[in-house]
$ cat target-v3.txt   # compact mmCIF, C-alpha atoms
# COMPACT_ATOMS: atom_id res chain seq x y z
CA MET A 1 0.00 0.00 0.00
CA ALA A 2 1.31 3.45 -0.89
CA GLU A 3 2.39 5.60 2.04
CA ARG A 4 0.62 8.68 0.70
CA PHE A 5 -2.64 9.36 -1.09
CA ASP A 6 -4.21 12.52 -2.35
CA ALA A 7 -7.30 11.70 -0.29
CA ILE A 8 -8.34 9.20 2.37
CA VAL A 9 -12.05 8.48 2.83
CA VAL A 10 -13.03 6.84 6.11
CA GLY A 11 -16.16 4.70 5.79
CA ALA A 12 -17.41 2.81 2.71
CA GLY A 13 -21.08 3.60 3.18
CA PRO A 14 -23.01 5.62 0.59
CA ALA A 15 -21.33 8.92 1.54
CA GLY A 16 -17.79 7.51 1.61
CA SER A 17 -18.09 5.49 -1.58
CA ALA A 18 -19.69 8.43 -3.39
CA ALA A 19 -16.81 10.67 -2.29
CA ALA A 20 -14.18 8.08 -3.29
CA LEU A 21 -15.83 7.49 -6.66
CA THR A 22 -16.07 11.22 -7.38
CA LEU A 23 -12.46 11.85 -6.40
CA ALA A 24 -11.13 8.86 -8.32
CA ARG A 25 -12.87 10.10 -11.47
CA LYS A 26 -11.14 13.43 -10.95
CA LYS A 27 -7.81 11.57 -11.01
CA PHE A 28 -7.05 11.83 -7.30
CA SER A 29 -5.30 8.87 -5.69
CA VAL A 30 -7.86 7.68 -3.12
CA LEU A 31 -7.80 5.25 -0.20
CA LEU A 32 -11.26 4.13 0.93
CA VAL A 33 -11.08 2.54 4.39
CA GLU A 34 -13.92 0.42 5.85
CA ARG A 35 -13.76 -1.11 9.32
CA GLY A 36 -16.35 -3.79 8.53
CA ARG A 37 -15.35 -7.01 6.86
CA ALA A 38 -17.10 -5.71 3.73
CA PRO A 39 -18.93 -2.50 2.76
CA GLY A 40 -22.38 -2.58 4.35
CA ALA A 41 -21.61 -5.49 6.66
CA LYS A 42 -21.96 -3.41 9.83
CA ASN A 43 -24.69 -1.09 8.65
CA MET A 44 -28.36 -1.13 9.64
CA PHE A 45 -30.68 0.76 7.37
CA GLY A 46 -34.44 0.78 6.86
CA GLY A 47 -34.31 -0.20 3.24
CA ARG A 48 -35.32 2.70 0.97
CA ILE A 49 -33.17 4.85 -1.32
CA TYR A 50 -34.23 7.92 -3.28
CA ALA A 51 -32.47 7.51 -6.61
CA TRP A 52 -31.93 11.10 -7.78
CA PRO A 53 -28.19 11.39 -6.85
CA LEU A 54 -27.40 8.20 -8.77
CA PHE A 55 -28.30 9.85 -12.08
CA ASP A 56 -25.17 12.01 -11.68
CA LEU A 57 -23.01 9.61 -9.68
CA VAL A 58 -23.57 6.44 -11.75
CA PRO A 59 -25.61 7.50 -14.80
CA ASP A 60 -26.26 3.92 -15.92
CA TRP A 61 -27.04 2.76 -12.35
CA ALA A 62 -30.26 0.98 -13.33
CA LYS A 63 -28.30 -1.61 -15.34
CA ASP A 64 -26.76 -3.40 -12.36
CA CYS A 65 -27.76 -1.61 -9.13
CA PRO A 66 -29.09 -4.21 -6.66
CA VAL A 67 -32.63 -2.81 -6.58
CA GLU A 68 -35.11 -4.92 -4.64
CA ARG A 69 -38.36 -3.18 -5.67
CA LEU A 70 -39.29 0.22 -7.09
CA VAL A 71 -41.60 1.98 -4.62
CA THR A 72 -45.02 2.66 -6.15
CA GLN A 73 -47.05 2.65 -2.91
CA GLU A 74 -46.81 5.09 -0.01
CA ARG A 75 -48.75 4.15 3.12
CA MET A 76 -49.13 5.85 6.49
CA ALA A 77 -50.90 4.22 9.44
CA PHE A 78 -51.87 5.38 12.93
CA LEU A 79 -52.05 2.62 15.53
CA THR A 80 -53.65 2.07 18.90
CA GLU A 81 -53.44 -1.21 20.81
CA ASN A 82 -55.72 -3.12 18.45
CA ALA A 83 -56.76 -0.74 15.67
CA ALA A 84 -55.21 0.98 12.66
CA LEU A 85 -56.19 3.90 10.45
CA GLY A 86 -54.32 4.04 7.16
CA ILE A 87 -53.75 6.35 4.22
CA THR A 88 -52.55 4.90 0.90
CA PHE A 89 -51.12 6.64 -2.15
CA ASP A 90 -50.58 4.26 -5.07
CA SER A 91 -49.08 5.62 -8.29
CA PRO A 92 -46.68 4.30 -10.95
CA ASN A 93 -45.39 7.89 -11.28
CA LEU A 94 -43.51 7.37 -8.01
CA ALA A 95 -41.11 5.03 -9.83
CA GLU A 96 -40.36 7.22 -12.84
CA GLY A 97 -37.21 9.21 -13.63
CA LYS A 98 -35.35 11.14 -10.95
CA ALA A 99 -38.38 10.90 -8.67
CA ALA A 100 -37.89 7.13 -8.38
CA SER A 101 -37.06 5.43 -5.11
CA PHE A 102 -36.37 1.80 -4.43
CA THR A 103 -35.89 -0.65 -1.62
CA ALA A 104 -32.47 -2.21 -1.15
CA LEU A 105 -30.49 -4.44 1.17
CA ARG A 106 -27.60 -2.44 2.54
CA PRO A 107 -24.79 -5.02 2.24
CA ARG A 108 -25.56 -5.49 -1.46
CA PHE A 109 -26.02 -1.81 -2.24
CA ASP A 110 -22.93 -0.67 -0.34
CA ALA A 111 -20.80 -3.38 -1.93
CA TRP A 112 -22.05 -2.33 -5.39
CA LEU A 113 -21.27 1.35 -4.85
CA ALA A 114 -17.84 0.64 -3.31
CA LYS A 115 -17.07 -1.53 -6.34
CA LYS A 116 -17.87 1.40 -8.61
CA ALA A 117 -15.35 3.47 -6.65
CA GLU A 118 -12.74 0.72 -7.05
CA GLU A 119 -13.40 0.47 -10.78
CA ALA A 120 -12.80 4.22 -11.04
CA GLY A 121 -9.39 3.79 -9.38
CA ALA A 122 -9.94 4.09 -5.62
CA MET A 123 -8.18 1.56 -3.36
CA LEU A 124 -10.62 -0.15 -0.96
CA ILE A 125 -9.28 -1.64 2.27
CA THR A 126 -11.73 -3.46 4.57
CA GLY A 127 -11.46 -4.79 8.11
CA ILE A 128 -9.31 -1.82 9.15
CA ARG A 129 -10.29 0.65 11.87
CA VAL A 130 -8.98 4.17 11.70
CA ASP A 131 -8.12 5.02 15.30
CA ASP A 132 -7.23 8.67 14.94
CA LEU A 133 -6.39 11.51 12.64
CA TRP A 134 -2.75 12.30 12.05
CA ARG A 135 -2.31 15.97 12.81
CA GLU A 136 0.70 18.23 12.50
CA GLY A 137 0.85 21.97 12.91
CA GLY A 138 -2.87 22.23 13.53
CA ARG A 139 -3.96 20.49 10.35
CA VAL A 140 -4.88 16.94 9.39
CA LYS A 141 -2.09 15.17 7.51
CA GLY A 142 -3.61 11.69 7.25
CA VAL A 143 -4.87 8.91 9.51
CA THR A 144 -3.49 6.66 12.22
CA VAL A 145 -4.23 2.94 12.15
CA GLY A 146 -3.40 0.98 15.28
CA ALA A 147 -0.67 2.23 17.59
CA ASP A 148 1.95 3.35 15.08
CA ASP A 149 0.87 2.99 11.45
CA ARG A 150 0.21 6.22 9.64
CA VAL A 151 -1.02 6.89 6.13
CA ALA A 152 -0.56 10.40 4.79
CA ALA A 153 -3.00 12.34 2.64
CA ASP A 154 -3.66 15.91 1.59
CA VAL A 155 -7.26 15.61 2.81
CA VAL A 156 -9.39 13.20 4.86
CA VAL A 157 -13.12 12.80 4.27
CA ILE A 158 -14.89 11.49 7.39
CA ALA A 159 -17.92 9.38 6.47
CA GLU A 160 -17.99 6.76 9.22
CA GLY A 161 -21.58 7.20 10.44
CA ALA A 162 -23.58 8.90 13.17
CA THR A 163 -21.29 7.76 16.00
CA SER A 164 -18.11 9.06 14.39
CA THR A 165 -15.25 9.53 16.84
CA LEU A 166 -13.05 11.18 14.22
CA VAL A 167 -15.33 14.22 13.96
CA LYS A 168 -14.68 14.90 17.65
CA LYS A 169 -10.96 14.20 17.30
CA ALA A 170 -10.85 16.66 14.41
CA GLY A 171 -12.22 19.30 16.78
CA LEU A 172 -15.33 19.77 14.66
CA LYS A 173 -17.93 18.70 17.23
CA ALA A 174 -18.31 17.73 20.88
CA ASP A 175 -19.75 14.41 22.08
CA LEU A 176 -23.21 13.41 20.91
CA GLU A 177 -26.02 14.20 23.34
CA PRO A 178 -28.96 11.80 23.89
CA ARG A 179 -31.40 14.33 22.44
CA GLU A 180 -29.42 14.32 19.18
CA VAL A 181 -29.89 10.64 18.37
CA SER A 182 -32.59 8.00 18.28
CA VAL A 183 -32.20 4.23 18.34
CA GLY A 184 -33.06 2.43 15.12
CA VAL A 185 -33.81 -1.29 14.91
CA LYS A 186 -34.65 -3.42 11.91
CA GLU A 187 -35.77 -6.99 11.34
CA THR A 188 -35.54 -8.73 7.98
CA ILE A 189 -38.43 -11.16 7.54
CA GLU A 190 -38.32 -13.64 4.67
CA LEU A 191 -41.49 -14.16 2.63
CA PRO A 192 -41.93 -15.64 -0.87
CA ALA A 193 -42.06 -13.02 -3.60
CA GLU A 194 -45.48 -14.25 -4.72
CA THR A 195 -46.86 -13.83 -1.19
CA ILE A 196 -45.54 -10.26 -0.99
CA GLN A 197 -47.05 -9.35 -4.34
CA GLU A 198 -50.44 -10.81 -3.47
CA ARG A 199 -50.53 -9.51 0.10
CA PHE A 200 -49.53 -5.94 -0.82
CA SER A 201 -51.24 -5.82 -4.25
CA LEU A 202 -47.96 -5.28 -6.06
CA GLY A 203 -46.56 -6.13 -9.46
CA GLU A 204 -43.38 -8.19 -9.81
CA LYS A 205 -41.04 -5.19 -9.56
CA GLU A 206 -43.27 -2.88 -7.52
CA GLY A 207 -42.74 -2.09 -3.85
CA ALA A 208 -44.47 -0.48 -0.89
CA ALA A 209 -43.21 1.85 1.86
CA PHE A 210 -45.09 2.12 5.17
CA VAL A 211 -44.78 4.67 7.98
CA TYR A 212 -46.42 3.90 11.35
CA ALA A 213 -47.18 6.25 14.25
CA GLY A 214 -48.75 5.90 17.68
CA TYR A 215 -48.74 2.48 19.33
CA ALA A 216 -46.00 1.37 16.91
CA SER A 217 -43.54 2.97 19.35
CA LEU A 218 -45.79 2.46 22.41
CA GLY A 219 -46.44 6.20 22.36
CA LEU A 220 -42.74 7.06 22.64
CA ARG A 221 -41.39 9.69 20.29
CA GLY A 222 -40.58 7.81 17.12
CA GLY A 223 -42.29 5.56 14.63
CA GLY A 224 -42.23 2.38 12.63
CA PHE A 225 -41.49 1.49 9.03
CA LEU A 226 -42.02 -1.44 6.69
CA TYR A 227 -40.50 -1.85 3.24
CA THR A 228 -41.07 -4.66 0.75
CA ASN A 229 -38.03 -6.32 -0.81
CA LYS A 230 -38.06 -9.02 -3.50
CA ALA A 231 -38.50 -11.90 -1.07
CA SER A 232 -38.39 -10.28 2.34
CA LEU A 233 -39.74 -7.39 4.42
CA SER A 234 -37.73 -4.77 6.30
CA LEU A 235 -39.65 -4.03 9.51
CA GLY A 236 -38.34 -1.66 12.13
CA LEU A 237 -38.56 1.31 14.46
CA VAL A 238 -36.74 4.53 15.20
CA VAL A 239 -37.34 5.58 18.82
CA SER A 240 -36.05 8.46 20.97
CA SER A 241 -33.10 7.33 23.07
CA GLU A 242 -34.22 9.80 25.75
CA ASP A 243 -37.68 8.23 25.94
CA LEU A 244 -36.33 4.69 26.13
CA ALA A 245 -34.14 5.68 29.07
CA ARG A 246 -36.90 7.68 30.77
CA LYS A 247 -39.47 4.87 30.46
CA LYS A 248 -36.84 2.17 31.20
CA LEU A 249 -37.78 0.25 28.06
CA GLU A 250 -35.60 -1.93 25.83
CA VAL A 251 -35.95 -1.12 22.15
CA GLN A 252 -36.18 -4.81 21.19
CA ASP A 253 -39.23 -5.18 23.45
CA VAL A 254 -40.90 -2.22 21.73
CA GLN A 255 -40.05 -3.78 18.36
CA THR A 256 -41.58 -7.12 19.37
CA LYS A 257 -44.86 -5.49 20.38
CA PHE A 258 -44.87 -3.56 17.11
CA ARG A 259 -44.39 -6.75 15.10
CA LEU A 260 -47.19 -8.46 17.04
CA HIS A 261 -49.72 -5.68 16.44
CA PRO A 262 -52.72 -7.14 14.54
CA ALA A 263 -52.33 -4.71 11.61
CA VAL A 264 -48.65 -5.61 11.23
CA GLN A 265 -49.15 -9.34 11.81
CA LYS A 266 -51.46 -9.50 8.80
CA LEU A 267 -48.55 -8.35 6.66
CA VAL A 268 -45.70 -10.41 8.15
CA LYS A 269 -47.69 -13.60 8.90
CA GLY A 270 -45.87 -16.75 7.85
CA GLY A 271 -42.55 -14.96 7.46
CA LYS A 272 -39.22 -16.11 8.88
CA LEU A 273 -37.12 -13.68 10.92
CA VAL A 274 -33.59 -13.95 9.51
CA GLU A 275 -31.82 -10.79 10.67
CA TYR A 276 -31.90 -8.23 13.48
CA SER A 277 -29.78 -5.09 13.63
CA ALA A 278 -29.65 -1.79 15.49
CA HIS A 279 -27.78 1.51 15.39
CA LEU A 280 -27.99 5.18 16.34
CA VAL A 281 -29.80 7.57 13.99
CA PRO A 282 -29.05 11.32 13.70
CA GLU A 283 -32.11 13.11 15.04
CA LEU A 284 -31.84 16.89 14.80
CA GLY A 285 -30.71 17.40 11.20
CA ARG A 286 -29.44 20.94 10.62
CA ARG A 287 -29.39 21.61 14.37
CA MET A 288 -26.83 18.88 15.10
CA MET A 289 -24.42 19.47 12.24
CA PRO A 290 -20.74 19.68 13.16
CA GLN A 291 -18.38 22.11 11.52
CA LEU A 292 -18.22 20.57 8.04
CA ALA A 293 -14.69 21.56 7.04
CA GLY A 294 -11.37 22.05 8.78
CA GLU A 295 -7.69 22.10 7.96
CA GLY A 296 -7.34 19.08 5.68
CA VAL A 297 -10.67 17.47 6.61
CA LEU A 298 -14.32 17.30 5.48
CA VAL A 299 -17.37 15.56 7.01
CA ALA A 300 -20.11 13.83 4.98
CA GLY A 301 -23.20 11.65 5.39
CA ASP A 302 -24.47 10.59 8.82
CA SER A 303 -21.26 11.88 10.41
CA ALA A 304 -22.51 15.34 9.44
CA GLY A 305 -26.08 14.67 10.61
CA PHE A 306 -27.42 14.67 7.05
CA LEU A 307 -30.78 13.01 7.64
CA ILE A 308 -34.32 14.31 7.14
CA ASN A 309 -37.32 12.86 8.95
CA ASN A 310 -40.35 15.01 8.32
CA GLY A 311 -42.85 12.49 9.65
CA TYR A 312 -43.93 11.07 6.30
CA THR A 313 -40.61 10.49 4.55
CA PHE A 314 -37.22 9.36 5.87
CA ARG A 315 -34.18 10.45 3.85
CA GLY A 316 -30.57 9.63 4.54
CA VAL A 317 -28.88 7.61 1.81
CA ASP A 318 -29.66 10.14 -0.93
CA LEU A 319 -28.28 12.98 1.18
CA ALA A 320 -25.22 10.86 1.99
CA MET A 321 -24.43 10.21 -1.67
CA ALA A 322 -25.05 13.84 -2.61
CA SER A 323 -22.76 15.02 0.21
CA GLY A 324 -20.06 12.58 -0.90
CA MET A 325 -20.18 14.02 -4.41
CA ALA A 326 -20.12 17.55 -2.98
CA ALA A 327 -17.04 16.61 -0.90
CA GLY A 328 -15.29 15.42 -4.05
CA ASP A 329 -16.12 18.67 -5.84
CA ALA A 330 -14.91 20.71 -2.85
CA VAL A 331 -11.57 18.87 -2.73
CA GLU A 332 -11.05 19.50 -6.45
CA ALA A 333 -11.85 23.20 -5.98
CA ALA A 334 -9.50 23.42 -2.97
CA ARG A 335 -6.63 21.91 -4.94
CA ALA A 336 -7.19 24.42 -7.73
CA ALA A 337 -7.23 27.21 -5.12
CA GLY A 338 -3.85 26.20 -3.73
CA GLY A 339 -4.36 23.49 -1.12
CA MET A 340 -6.56 21.78 1.47
CA THR A 341 -6.82 24.66 3.91
CA ALA A 342 -10.00 25.23 5.92
CA ALA A 343 -10.61 28.40 3.92
CA ASN A 344 -10.39 26.59 0.59
CA LEU A 345 -12.41 23.58 1.76
CA ALA A 346 -15.15 25.94 2.97
CA ALA A 347 -16.35 25.83 -0.65
CA TYR A 348 -17.91 22.50 0.41
CA GLU A 349 -20.96 24.34 1.74
CA GLY A 350 -21.63 25.85 -1.66
CA PHE A 351 -21.44 22.44 -3.33
CA LEU A 352 -23.82 21.03 -0.70
CA ARG A 353 -26.28 23.81 -1.51
CA ALA A 354 -25.92 23.18 -5.24
CA ARG A 355 -27.09 19.61 -4.62
CA ASN A 356 -29.88 20.80 -2.27
CA VAL A 357 -28.47 18.96 0.76
CA LEU A 358 -28.23 22.00 3.02
CA THR A 359 -31.20 23.59 1.27
CA ASP A 360 -33.51 20.71 2.20
CA LEU A 361 -32.07 20.41 5.70
CA GLU A 362 -32.77 24.07 6.28
CA ALA A 363 -36.28 23.82 4.81
CA PHE A 364 -37.11 21.18 7.43
CA SER A 365 -34.95 22.57 10.24
CA ARG A 366 -37.99 23.09 12.48
CA THR A 367 -39.30 19.56 11.99
CA PRO A 368 -37.01 17.75 14.49
CA LEU A 369 -38.11 20.08 17.28
CA PHE A 370 -41.77 19.77 16.28
CA LEU A 371 -41.43 15.97 16.37
CA LYS A 372 -40.31 16.23 20.00
CA ASN A 373 -44.00 16.92 20.82
CA GLU A 374 -45.15 13.80 22.69
CA ARG A 375 -48.81 14.39 21.72
CA LEU A 376 -47.95 13.42 18.15
CA PHE A 377 -47.15 9.87 19.20
CA ASP A 378 -49.85 9.15 21.74
CA VAL A 379 -52.74 11.62 22.00
CA TYR A 380 -53.26 12.43 18.32
CA PRO A 381 -53.02 8.90 16.87
CA ARG A 382 -55.55 7.79 19.50
CA LEU A 383 -57.74 10.80 18.69
CA VAL A 384 -57.94 10.04 14.95
CA ILE A 385 -58.66 6.36 15.54
CA ASP A 386 -61.34 7.13 18.13
CA LEU A 387 -62.83 9.58 15.65
CA ALA A 388 -62.87 6.90 12.94
CA GLU A 389 -64.54 4.51 15.41
CA ARG A 390 -67.20 7.11 16.17
CA ILE A 391 -67.83 7.84 12.49
CA TYR A 392 -68.01 4.26 11.23
CA ARG A 393 -69.72 2.63 14.21
CA VAL A 394 -73.47 2.22 13.53
CA ASP A 395 -75.26 0.61 16.48
CA GLY A 396 -78.71 2.14 16.51
CA THR A 397 -77.86 5.12 18.71
CA ALA A 398 -78.25 8.71 17.48
CA ARG A 399 -75.48 9.64 15.04
CA ASP A 400 -73.29 12.75 15.12
CA ARG A 401 -72.56 14.93 12.15
CA LEU A 402 -68.88 14.88 11.20
CA VAL A 403 -68.10 18.29 12.70
CA ASP A 404 -69.80 17.31 15.97
CA ALA A 405 -67.87 14.03 16.07
CA VAL A 406 -64.60 15.89 15.59
CA LEU A 407 -65.38 18.34 18.40
CA LYS A 408 -66.45 15.59 20.79
CA GLU A 409 -63.29 13.56 20.20
CA ALA A 410 -61.11 16.64 20.53
CA ASN A 411 -62.75 17.39 23.88
CA ALA A 412 -62.42 13.76 24.98
CA SER A 413 -58.69 13.79 24.19
CA GLY A 414 -58.05 16.32 26.95
CA VAL A 415 -56.28 18.68 24.55
CA SER A 416 -57.65 22.21 24.42
CA LYS A 417 -58.78 23.62 21.10
CA LEU A 418 -56.04 26.25 21.34
CA THR A 419 -53.35 23.59 21.85
CA LEU A 420 -54.74 21.56 18.97
CA MET A 421 -54.76 24.56 16.64
CA MET A 422 -51.25 25.57 17.69
CA ASP A 423 -49.94 22.06 17.04
CA LEU A 424 -51.62 22.02 13.61
CA LEU A 425 -50.08 25.38 12.76
CA LYS A 426 -46.61 24.34 13.92
CA GLY A 427 -46.90 21.10 11.97
CA ALA A 428 -47.91 22.91 8.78
CA ARG A 429 -44.98 25.30 9.13
CA SER A 430 -42.36 22.66 9.90
CA MET A 431 -43.34 19.59 7.89
$ encode --input "target-v3.txt" --output "structure tokens"
Amino acid sequence: MAERFDAIVVGAGPAGSAAALTLARKKFSVLLVERGRAPGAKNMFGGRIYAWPLFDLVPDWAKDCPVERLVTQERMAFLTENAALGITFDSPNLAEGKAASFTALRPRFDAWLAKKAEEAGAMLITGIRVDDLWREGGRVKGVTVGADDRVAADVVVIAEGATSTLVKKAGLKADLEPREVSVGVKETIELPAETIQERFSLGEKEGAAFVYAGYASLGLRGGGFLYTNKASLSLGLVVSSEDLARKKLEVQDVQTKFRLHPAVQKLVKGGKLVEYSAHLVPELGRRMMPQLAGEGVLVAGDSAGFLINNGYTFRGVDLAMASGMAAGDAVEAARAAGGMTAANLAAYEGFLRARNVLTDLEAFSRTPLFLKNERLFDVYPRLVIDLAERIYRVDGTARDRLVDAVLKEANASGVSKLTLMMDLLKGARSM
């Protein structure tokens, strides 16, 4: 292995591989370091990818990308202990052009994207943990592996995930706080492809994406998801780490109750649980971002907090890939400007805006704080389901008009009309 590279990228997830691929195409010598035994081996991820960055990163991606199913169904469901109220949007337009999204299995997708980086000229090394940044004279000069081994580089791109230690060691951010992260868990449940297609009313290549709120997380701040793969389902939760600690609950117990809910059981019945994984998820988006550039260093993907959860969509992989490409562009611009100084690498922010990473994060910057409202995960899901029960229940008693039913359920919820209106207004402004 060469002792020096133009760039070292730490982490072969979507952000790291996108950065390595972009830099390699620009004729930089690139070392891509992954601590897992293979790209994607240590990663937990819900299972959905918005495809738009791939049209620039790998223009012919559809030829060999390990797509499970193209998402043509969007579903949202509110749960109480034994009931569910759902909303379904079903359209083939969801799978067309740059608006397409697809389900994927992370080990396959990450391996595919890392391979593209290798084919472009990057050197991929797996099973190696970067212990520290090599710093001299106040700037990053490379990385340290183990006690003594050093590899030099003009710039290091940190893309090692939400729990990155290198971001702190680079002096770009302090320790994570509990309020900044949630705990994500995912189960992979095998089901025959024909069963999935029949059960979810899907074509052979079509897929569905579900979002669950309310009893899915036992009323804790968070929610559930379900994605259809070719012959399996990705079922999981993202739950506030603060709430789990406060209620003294284990996330796997919450996940088990979610899986056993009658509305979920109808979908997973007969399946075989083949995988369980968990990790920390960035929670506050724009409000938890570290400093993105320093002397000889950039931060991309989850390490930078690039995740958007606006309650009805969850985005992370697309922002990771876009930030990796932006990092590659910023490094090229810095070299043209004279070197990898913090001032030159500050151009990274402009490239992030050009790809709408920071733009979208700023557009939804209020959402993480709005989603801290506990009523959204307990009171309001119960209110809408009780309202549906009142509307659809016909038992011979006098019936209420719709407006009267709404008012009665709002009063029964214990939430004042002013609080309800304020929450609606804040939701409309943030989501």
$ residues_around --input "target-v3.txt" --residues "A:Ala147" --least-positions-apart "2" --cutoff "12 Å" --atoms "all atoms listed in the file" --output "compact mmCIF listing (two decimals) with C-alpha atoms, keeping the file's coordinate frame"
# COMPACT_ATOMS: atom_id res chain seq x y z
CA ARG A 129 -10.29 0.65 11.87
CA VAL A 130 -8.98 4.17 11.70
CA ASP A 131 -8.12 5.02 15.30
CA ASP A 132 -7.23 8.67 14.94
CA LEU A 133 -6.39 11.51 12.64
CA TRP A 134 -2.75 12.30 12.05
CA VAL A 143 -4.87 8.91 9.51
CA THR A 144 -3.49 6.66 12.22
CA VAL A 145 -4.23 2.94 12.15
CA ASP A 149 0.87 2.99 11.45
CA ARG A 150 0.21 6.22 9.64
$ residues_around --input "target-v3.txt" --residues "A:Glu160" --least-positions-apart "3" --cutoff "10 Å" --atoms "all atoms listed in the file" --output "list in words"
Val9, Val10, Gly11, Ala12, Gly13, Ala15, Gly16, Val33, Glu34, Arg35, Val130, Val157, Thr163, Ser164, Thr165, Leu166, Val167, Val299, Ala300, Gly301, Asp302, Ser303 and Ala304 of chain A
$ closest_residue --input "target-v3.txt" --among "A:Asn411, A:Thr359, A:Asn373, A:Thr188" --to "A:Leu220" --atoms "all atoms listed in the file"
A:Asn373
$ atom_distance --input "target-v3.txt" --atom1 "atom CA of A:Lys372" --atom2 "atom CA of A:Gly222"
8.9 Å
$ atom_distance --input "target-v3.txt" --atom1 "atom CA of A:Ala363" --atom2 "atom CA of A:Val181"
20.0 Å
$ atom_distance --input "target-v3.txt" --atom1 "atom CA of A:Met289" --atom2 "atom CA of A:Phe364"
13.7 Å
$ closest_residue --input "target-v3.txt" --among "A:Pro262, A:Pro66, A:Gly219, A:Gly214" --to "A:Asn82" --atoms "only C-alpha atoms"
A:Pro262
$ residues_around --input "target-v3.txt" --residues "A:Arg108" --least-positions-apart "2" --cutoff "12 Å" --atoms "all atoms listed in the file" --output "list in words"
Gly13, Pro14, Ala38, Pro39, Gly40, Ala41, Asn43, Phe45, Gly47, Asp64, Cys65, Pro66, Val67, Glu68, Thr103, Ala104, Leu105, Arg106, Asp110, Ala111, Trp112, Leu113, Ala114 and Lys115 of chain A
$ closest_residue --input "target-v3.txt" --among "A:Leu273, A:Val183, A:Leu358, A:Leu298" --to "A:Ser241" --atoms "only C-alpha atoms"
A:Val183
$ closest_residue --input "target-v3.txt" --among "A:Lys205, A:Lys417, A:Arg25, A:Arg48" --to "A:Thr313" --atoms "all atoms listed in the file"
A:Arg48
$ closest_residue --input "target-v3.txt" --among "A:Leu307, A:Ala24, A:Val238, A:Leu32" --to "A:Ser182" --atoms "all atoms listed in the file"
A:Val238
$ residues_around --input "target-v3.txt" --residues "A:Leu57" --least-positions-apart "3" --cutoff "10 Å" --atoms "only C-alpha atoms" --output "PyMOL selection string"
chain A and resi 18-19+21-22+52-54+60-61+113+116+321-322+324-325
$ residues_around --input "target-v3.txt" --residues "A:Glu332" --least-positions-apart "3" --cutoff "8 Å" --atoms "only C-alpha atoms" --output "short mmCIF file (atom, residue, chain, number, x, y, z; two decimals) with C-alpha atoms, keeping the file's coordinate frame"
data_model
loop_
_atom_site.label_atom_id
_atom_site.label_comp_id
_atom_site.auth_asym_id
_atom_site.auth_seq_id
_atom_site.Cartn_x
_atom_site.Cartn_y
_atom_site.Cartn_z
CA LEU A 23 -12.46 11.85 -6.40
CA LYS A 26 -11.14 13.43 -10.95
CA GLY A 328 -15.29 15.42 -4.05
CA ASP A 329 -16.12 18.67 -5.84
CA ARG A 335 -6.63 21.91 -4.94
CA ALA A 336 -7.19 24.42 -7.73
#
$ closest_residue --input "target-v3.txt" --among "A:Glu74, A:Asp360, A:Glu136, A:Asp6" --to "A:Asn93" --atoms "only C-alpha atoms"
A:Glu74
